[in-house]
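**Student:** Below you'll find start_33.txt; it's compact mmCIF, C-alpha atoms.
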```txt
# COMPACT_ATOMS: atom_id res chain seq x y z
CA MET A 16 -9.92 -6.69 9.32
CA ASN A 17 -10.33 -10.16 7.87
CA PRO A 18 -7.28 -10.78 5.66
CA LEU A 19 -6.46 -13.76 3.46
CA ILE A 20 -2.95 -14.64 2.31
CA MET A 21 -2.73 -15.52 -1.38
CA ILE A 22 0.47 -16.92 -2.91
CA PRO A 23 0.61 -16.58 -6.72
CA ALA A 24 2.69 -19.20 -8.50
CA ARG A 25 3.28 -20.40 -12.04
CA MET A 26 5.72 -22.76 -13.69
CA ALA A 27 6.84 -20.56 -16.59
CA ALA A 28 9.65 -18.61 -14.93
CA THR A 29 12.18 -17.42 -17.52
CA ARG A 30 15.34 -17.58 -15.39
CA LEU A 31 14.38 -20.67 -13.39
CA PRO A 32 11.81 -22.90 -15.15
CA ASN A 33 9.51 -24.97 -12.93
CA LYS A 34 10.62 -22.82 -9.98
CA PRO A 35 7.65 -23.54 -7.65
CA LEU A 36 8.48 -27.24 -7.60
CA ALA A 37 12.24 -26.82 -7.15
CA ASP A 38 13.41 -29.12 -4.36
CA ILE A 39 14.69 -27.38 -1.23
CA GLY A 40 15.64 -29.80 1.51
CA GLY A 41 13.17 -32.41 0.32
CA LEU A 42 10.20 -30.07 -0.14
CA PRO A 43 8.99 -28.12 -3.19
CA MET A 44 9.66 -24.40 -2.82
CA ILE A 45 5.95 -23.55 -3.02
CA VAL A 46 5.25 -25.91 -0.11
CA ARG A 47 7.89 -24.18 2.02
CA ALA A 48 6.41 -20.79 1.16
CA TYR A 49 2.92 -22.07 2.02
CA ARG A 50 4.00 -23.42 5.40
CA GLN A 51 5.77 -20.17 6.28
CA ALA A 52 2.59 -18.27 5.43
CA GLU A 53 0.47 -20.68 7.49
CA ALA A 54 2.65 -19.93 10.51
CA SER A 55 1.30 -16.36 10.46
CA GLY A 56 -2.02 -17.67 11.76
CA LEU A 57 -3.92 -16.19 8.80
CA PRO A 58 -5.84 -18.29 6.25
CA VAL A 59 -3.72 -19.14 3.20
CA ALA A 60 -4.35 -20.26 -0.38
CA VAL A 61 -2.23 -20.56 -3.50
CA ALA A 62 -3.31 -18.95 -6.77
CA ALA A 63 -1.80 -21.48 -9.16
CA GLY A 64 -1.22 -21.06 -12.86
CA ASP A 65 -0.58 -24.78 -13.39
CA PRO A 66 -2.15 -28.04 -12.14
CA GLU A 67 1.23 -29.35 -10.91
CA ILE A 68 1.28 -26.57 -8.32
CA VAL A 69 -2.25 -27.42 -7.18
CA GLU A 70 -1.23 -31.06 -6.77
CA ALA A 71 1.83 -30.13 -4.66
CA ILE A 72 -0.26 -28.02 -2.28
CA GLU A 73 -3.13 -30.48 -2.05
CA ALA A 74 -0.59 -33.19 -1.21
CA ILE A 75 -0.02 -31.41 2.12
CA GLU A 76 -3.78 -30.79 2.51
CA GLY A 77 -3.37 -27.13 1.64
CA ARG A 78 -5.70 -24.99 -0.44
CA ALA A 79 -4.89 -24.07 -4.04
CA ILE A 80 -7.01 -22.62 -6.84
CA LEU A 81 -6.18 -23.24 -10.49
CA THR A 82 -6.33 -19.95 -12.39
CA ASP A 83 -6.19 -19.07 -16.07
CA PRO A 84 -2.54 -19.50 -17.14
CA SER A 85 -2.85 -16.55 -19.51
CA LEU A 86 -3.39 -14.02 -16.70
CA PRO A 87 -0.74 -11.30 -17.10
CA SER A 88 0.47 -10.87 -13.51
CA GLY A 89 0.48 -12.24 -9.99
CA SER A 90 -1.98 -9.54 -8.95
CA ASP A 91 -4.46 -10.69 -11.59
CA ARG A 92 -3.92 -14.27 -10.47
CA ILE A 93 -4.66 -13.56 -6.81
CA ARG A 94 -7.72 -11.51 -7.71
CA ALA A 95 -9.11 -14.38 -9.79
CA ALA A 96 -8.40 -16.88 -7.02
CA VAL A 97 -9.89 -14.83 -4.20
CA ASP A 98 -13.00 -14.12 -6.27
CA ALA A 99 -13.37 -17.87 -6.85
CA ILE A 100 -13.15 -18.85 -3.19
CA ASP A 101 -14.83 -15.78 -1.66
CA PRO A 102 -17.41 -14.34 -4.06
CA GLU A 103 -19.32 -12.76 -1.15
CA GLY A 104 -16.33 -10.62 -0.15
CA ASP A 105 -15.96 -11.87 3.43
CA PHE A 106 -12.20 -11.34 3.19
CA ASP A 107 -11.76 -7.57 3.06
CA ALA A 108 -7.98 -7.65 2.56
CA VAL A 109 -5.66 -9.83 0.50
CA ILE A 110 -2.00 -10.28 1.41
CA ASN A 111 0.14 -11.20 -1.61
CA VAL A 112 3.09 -13.29 -0.40
CA GLN A 113 5.57 -14.42 -3.03
CA GLY A 114 5.98 -18.14 -3.67
CA ASP A 115 9.69 -17.73 -4.33
CA MET A 116 10.47 -16.63 -0.75
CA PRO A 117 10.69 -20.07 0.89
CA PHE A 118 11.98 -18.77 4.24
CA ALA A 119 10.04 -15.50 4.56
CA ASP A 120 9.22 -14.60 8.15
CA PRO A 121 5.49 -15.21 8.80
CA GLY A 122 5.42 -11.76 10.38
CA LEU A 123 5.78 -10.10 6.97
CA ALA A 124 2.18 -10.91 6.10
CA THR A 125 0.85 -9.75 9.45
CA ALA A 126 2.90 -6.55 9.17
CA CYS A 127 1.11 -5.68 5.92
CA ALA A 128 -2.25 -6.44 7.52
CA ALA A 129 -1.33 -4.17 10.44
CA ILE A 130 -0.56 -1.27 8.09
CA LEU A 131 -3.97 -1.59 6.46
CA HIS A 132 -5.62 -1.77 9.87
CA GLY A 133 -3.79 1.26 11.25
CA GLU A 134 -3.80 3.57 8.21
CA PRO A 135 -7.36 4.17 6.97
CA ASP A 136 -6.15 6.03 3.86
CA CYS A 137 -3.82 3.22 2.82
CA ASP A 138 -4.98 1.27 -0.24
CA ILE A 139 -1.93 -0.99 -0.56
CA ALA A 140 0.60 -1.93 2.12
CA THR A 141 4.10 -3.18 1.46
CA LEU A 142 7.53 -3.60 3.06
CA VAL A 143 11.06 -2.27 2.61
CA ALA A 144 14.45 -3.19 4.04
CA PRO A 145 17.81 -1.40 4.25
CA GLU A 146 20.23 -1.78 1.36
CA LEU A 147 22.64 -4.71 1.61
CA ASP A 148 25.65 -2.69 0.43
CA ALA A 149 26.55 0.29 -1.75
CA SER A 150 26.19 -1.76 -4.95
CA ASP A 151 22.41 -1.86 -4.44
CA ARG A 152 22.18 1.83 -5.31
CA GLY A 153 23.11 1.41 -8.95
CA ASN A 154 21.70 -2.07 -9.49
CA PRO A 155 18.58 -1.98 -11.72
CA ASP A 156 17.52 -5.38 -10.36
CA VAL A 157 17.17 -3.81 -6.90
CA VAL A 158 13.89 -1.90 -6.72
CA LYS A 159 14.21 1.18 -4.52
CA ALA A 160 11.31 2.72 -2.61
CA VAL A 161 11.15 6.47 -2.08
CA LEU A 162 9.27 7.06 1.16
CA ALA A 163 7.88 10.02 3.09
CA LEU A 164 9.77 8.88 6.15
CA ALA A 165 11.44 11.05 8.78
CA GLU A 166 14.65 9.86 10.43
CA GLY A 167 13.90 7.22 13.02
CA GLU A 168 10.41 6.41 11.71
CA ARG A 169 9.59 2.87 10.57
CA GLN A 170 6.45 3.44 8.49
CA GLY A 171 5.44 5.98 5.90
CA ARG A 172 3.78 6.68 2.58
CA ALA A 173 5.51 5.53 -0.60
CA LEU A 174 6.04 8.33 -3.10
CA TYR A 175 7.76 6.37 -5.87
CA PHE A 176 9.51 3.14 -6.79
CA THR A 177 12.41 2.98 -9.21
CA ARG A 178 15.19 0.84 -10.62
CA SER A 179 17.38 3.92 -11.09
CA THR A 180 20.16 5.23 -8.85
CA LEU A 181 18.87 7.67 -6.24
CA TYR A 182 20.64 10.92 -5.46
CA GLY A 183 21.95 11.91 -2.02
CA ASP A 184 23.19 10.25 1.15
CA ALA A 185 19.88 9.30 2.73
CA PRO A 186 19.13 5.59 3.35
CA ILE A 187 18.17 3.52 0.32
CA TRP A 188 15.19 1.26 0.94
CA ARG A 189 15.01 -2.02 -0.96
CA HIS A 190 11.44 -2.87 -1.84
CA ILE A 191 10.20 -6.27 -0.67
CA GLY A 192 7.57 -7.78 -2.97
CA VAL A 193 4.94 -8.51 -0.32
CA TYR A 194 1.72 -6.53 -0.67
CA GLY A 195 -1.45 -6.09 1.32
CA TYR A 196 -4.45 -4.90 -0.70
CA ARG A 197 -7.81 -3.75 0.50
CA ARG A 198 -10.20 -5.90 -1.51
CA GLU A 199 -11.72 -2.91 -3.32
CA ALA A 200 -8.24 -1.56 -4.13
CA LEU A 201 -7.18 -4.89 -5.63
CA ASN A 202 -10.26 -4.91 -7.85
CA ARG A 203 -9.65 -1.33 -9.04
CA PHE A 204 -5.98 -1.99 -9.63
CA CYS A 205 -6.53 -5.12 -11.72
CA ALA A 206 -9.29 -3.44 -13.75
CA ALA A 207 -6.92 -0.66 -14.87
CA PRO A 208 -4.54 -1.02 -17.84
CA PRO A 209 -0.76 -0.84 -17.37
CA SER A 210 0.28 2.78 -16.85
CA PRO A 211 3.04 4.76 -18.61
CA LEU A 212 5.43 4.73 -15.64
CA GLU A 213 4.70 1.07 -15.00
CA ARG A 214 5.68 0.22 -18.57
CA ARG A 215 8.77 2.43 -18.39
CA GLU A 216 10.15 1.06 -15.11
CA LYS A 217 8.58 -2.42 -15.42
CA LEU A 218 7.16 -1.98 -11.90
CA GLU A 219 3.51 -2.85 -11.41
CA GLN A 220 3.11 -0.79 -8.23
CA LEU A 221 3.58 2.43 -10.20
CA ARG A 222 0.19 1.85 -11.79
CA ALA A 223 -1.39 2.22 -8.35
CA LEU A 224 0.46 5.49 -7.70
CA GLU A 225 -0.54 6.89 -11.09
CA MET A 226 -4.14 5.99 -10.25
CA GLY A 227 -3.90 8.13 -7.11
CA MET A 228 -3.89 5.18 -4.72
CA GLN A 229 -1.92 5.40 -1.48
CA ILE A 230 0.82 2.85 -0.82
CA TRP A 231 2.28 2.71 2.68
CA ALA A 232 5.45 0.84 3.59
CA ARG A 233 6.95 -0.47 6.81
CA VAL A 234 10.68 -0.91 7.34
CA ILE A 235 11.80 -4.44 8.29
CA ASP A 236 15.30 -5.33 9.41
CA ALA A 237 16.37 -7.47 6.45
CA ALA A 238 15.04 -8.68 3.12
CA PRO A 239 14.15 -12.38 2.93
CA LEU A 240 15.89 -14.55 0.34
CA SER A 241 14.08 -14.42 -3.00
CA VAL A 242 14.86 -17.28 -5.39
CA ASP A 243 15.18 -15.77 -8.86
CA ASN A 244 18.01 -17.76 -10.46
CA PRO A 245 20.08 -20.96 -10.00
CA ALA A 246 22.52 -19.25 -7.61
CA ASP A 247 19.63 -18.19 -5.36
CA LEU A 248 18.30 -21.73 -5.41
CA GLU A 249 21.63 -23.09 -4.23
CA ALA A 250 21.66 -20.52 -1.44
CA ALA A 251 18.16 -21.61 -0.40
CA ARG A 252 19.19 -25.25 -0.38
CA ALA A 253 22.11 -24.37 1.89
CA MET A 254 19.63 -22.82 4.34
CA ALA A 255 17.29 -25.82 4.43
```
Now that the file is in, can you turn its structure into C-alpha cells?
**Tutor:**
Amino acid sequence: MNPLIMIPARMAATRLPNKPLADIGGLPMIVRAYRQAEASGLPVAVAAGDPEIVEAIEAIEGRAILTDPSLPSGSDRIRAAVDAIDPEGDFDAVINVQGDMPFADPGLATACAAILHGEPDCDIATLVAPELDASDRGNPDVVKAVLALAEGERQGRALYFTRSTLYGDAPIWRHIGVYGYRREALNRFCAAPPSPLERREKLEQLRALEMGMQIWARVIDAAPLSVDNPADLEAARAMA
C-alpha cells in the first residue's frame, strides 16, 4: 500500500481554544504531533482549518494544506486536503492521526497501515487500548470499542462503539482516535450524511458501521495522552 498520514487541525476547540498552537516545551502542539508522525517514515501533511496552523507547519518546512474552515469534521478536512495534494489518487490509504496527541508513538500510524494491508475486507482500521481503571467503564467521555476478539488475540473486527457502560466482566477496550482509511472508503464515508446512531452517540465511526463498512482494530498496550482540556495540557507540558 501507499499510505499518507494526514493530521486534521483547527483553532476553534471549545474546551481549549487555539489548541494546535499551545506551547509544549517550546514547540506548538501541532508541530510536536507532526514530528512524531514524521518519525513513522510515512509521508505526512496537515489538513489545517486556519492559516495560523499552516504557518506553524511551514516554519519547520513541513507540508500543510489550508482547508475550508466550515467543514464539519476532521474526516471531511483530511479528505479535502488529500484530494488537493493527490488528485490522481496515488495514495491509496489515508492515516488520520490526531493533532492533539503530541507524544503519540509513530508506530500507531504504521499499525493502522498494517491492518489495511493484512485484512483485505477492512475498510477502516483503528486502535484500542486497555481501560486505565474501573472508572472508565461508566465514563461517557471514554469511548468503548466492542470487538470480535477471542481471548489472547490482538486484532479483530469492531462490532460497535459506545459511550455507555458495557455489561459483563470481559476487558473494556478504550478506543484510540487514530484511523486508517482506504481512499475509496474515505470518499464514501464523507459523501454520506450523519447516521442515526452517529447522532445518538456522537461518534462518527458509527456512520461507517451503519453503512455496512468493516472497521478492524488492533490492541496497543496503552493509550497516548490526548490534550482535550487545560489539565491535559499541563500534563503534556510536564512530559516535554
**Student:** For stretch 122-126 of chain A, find every residue with an atom within 12 Å (counting all atoms listed in the file), except residues of its own chain fewer than 5 positions away, and show them as a PyMOL selection string.
**Tutor:** chain A and resi 16-22+48-49+51-59+108-113+116+131-133+140-144+169-170+191-196+231-239
**Student:** Tell me which of A:Arg198, A:Pro186, A:Arg25, A:Asp247 sits closest to A:Glu103, counting all atoms listed in the file.
**Tutor:** A:Arg198
**Student:** Kindly give the distance, in Å, that separates atom CA of A:Arg30 and atom CA of A:Leu224, rounded to a single decimal.
**Tutor:**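 Between atom CA of A:Arg30 and atom CA of A:Leu224 the gap works out to 28.5 Å.
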**Student:** Would you kindly return, as a list in words, each protein, DNA or RNA residue with an atom no farther than 9 Å from any atom of A:Leu81, considering all atoms listed in the file and excluding same-chain residues fewer than 2 positions away?
**Tutor:**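 Residues near the query, excluding close chain neighbours: Val61, Ala62, Ala63, Gly64, Asp65, Pro66, Ile68, Val69, Ala79, Asp83, Pro84 and Ala96 of chain A.
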**Student:** Pick the closest to A:His190 from A:Pro32, A:Pro145, A:Gly153, A:Pro211: which is it, counting all atoms listed in the file?
**Tutor:**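 Counting all atoms listed in the file, the residue closest to A:His190 is A:Pro145.
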**Student:** If you count only C-alpha atoms, which residues fall within 12 Å of A:Pro208, apart from same-chain ones fewer than 6 positions away, as a PDB file with C-alpha atoms, in the frame of the given file?
**Tutor:**
```pdb
ATOM      1  CA  PRO A  87      -0.740 -11.300 -17.100  1.00  0.00           C
ATOM      2  CA  SER A  88       0.470 -10.870 -13.510  1.00  0.00           C
ATOM      3  CA  ASP A  91      -4.460 -10.690 -11.590  1.00  0.00           C
ATOM      4  CA  ARG A 214       5.680   0.220 -18.570  1.00  0.00           C
ATOM      5  CA  GLU A 219       3.510  -2.850 -11.410  1.00  0.00           C
ATOM      6  CA  LEU A 221       3.580   2.430 -10.200  1.00  0.00           C
ATOM      7  CA  ARG A 222       0.190   1.850 -11.790  1.00  0.00           C
ATOM      8  CA  ALA A 223      -1.390   2.220  -8.350  1.00  0.00           C
ATOM      9  CA  GLU A 225      -0.540   6.890 -11.090  1.00  0.00           C
ATOM     10  CA  MET A 226      -4.140   5.990 -10.250  1.00  0.00           C
TER      11      MET A 226
END
```
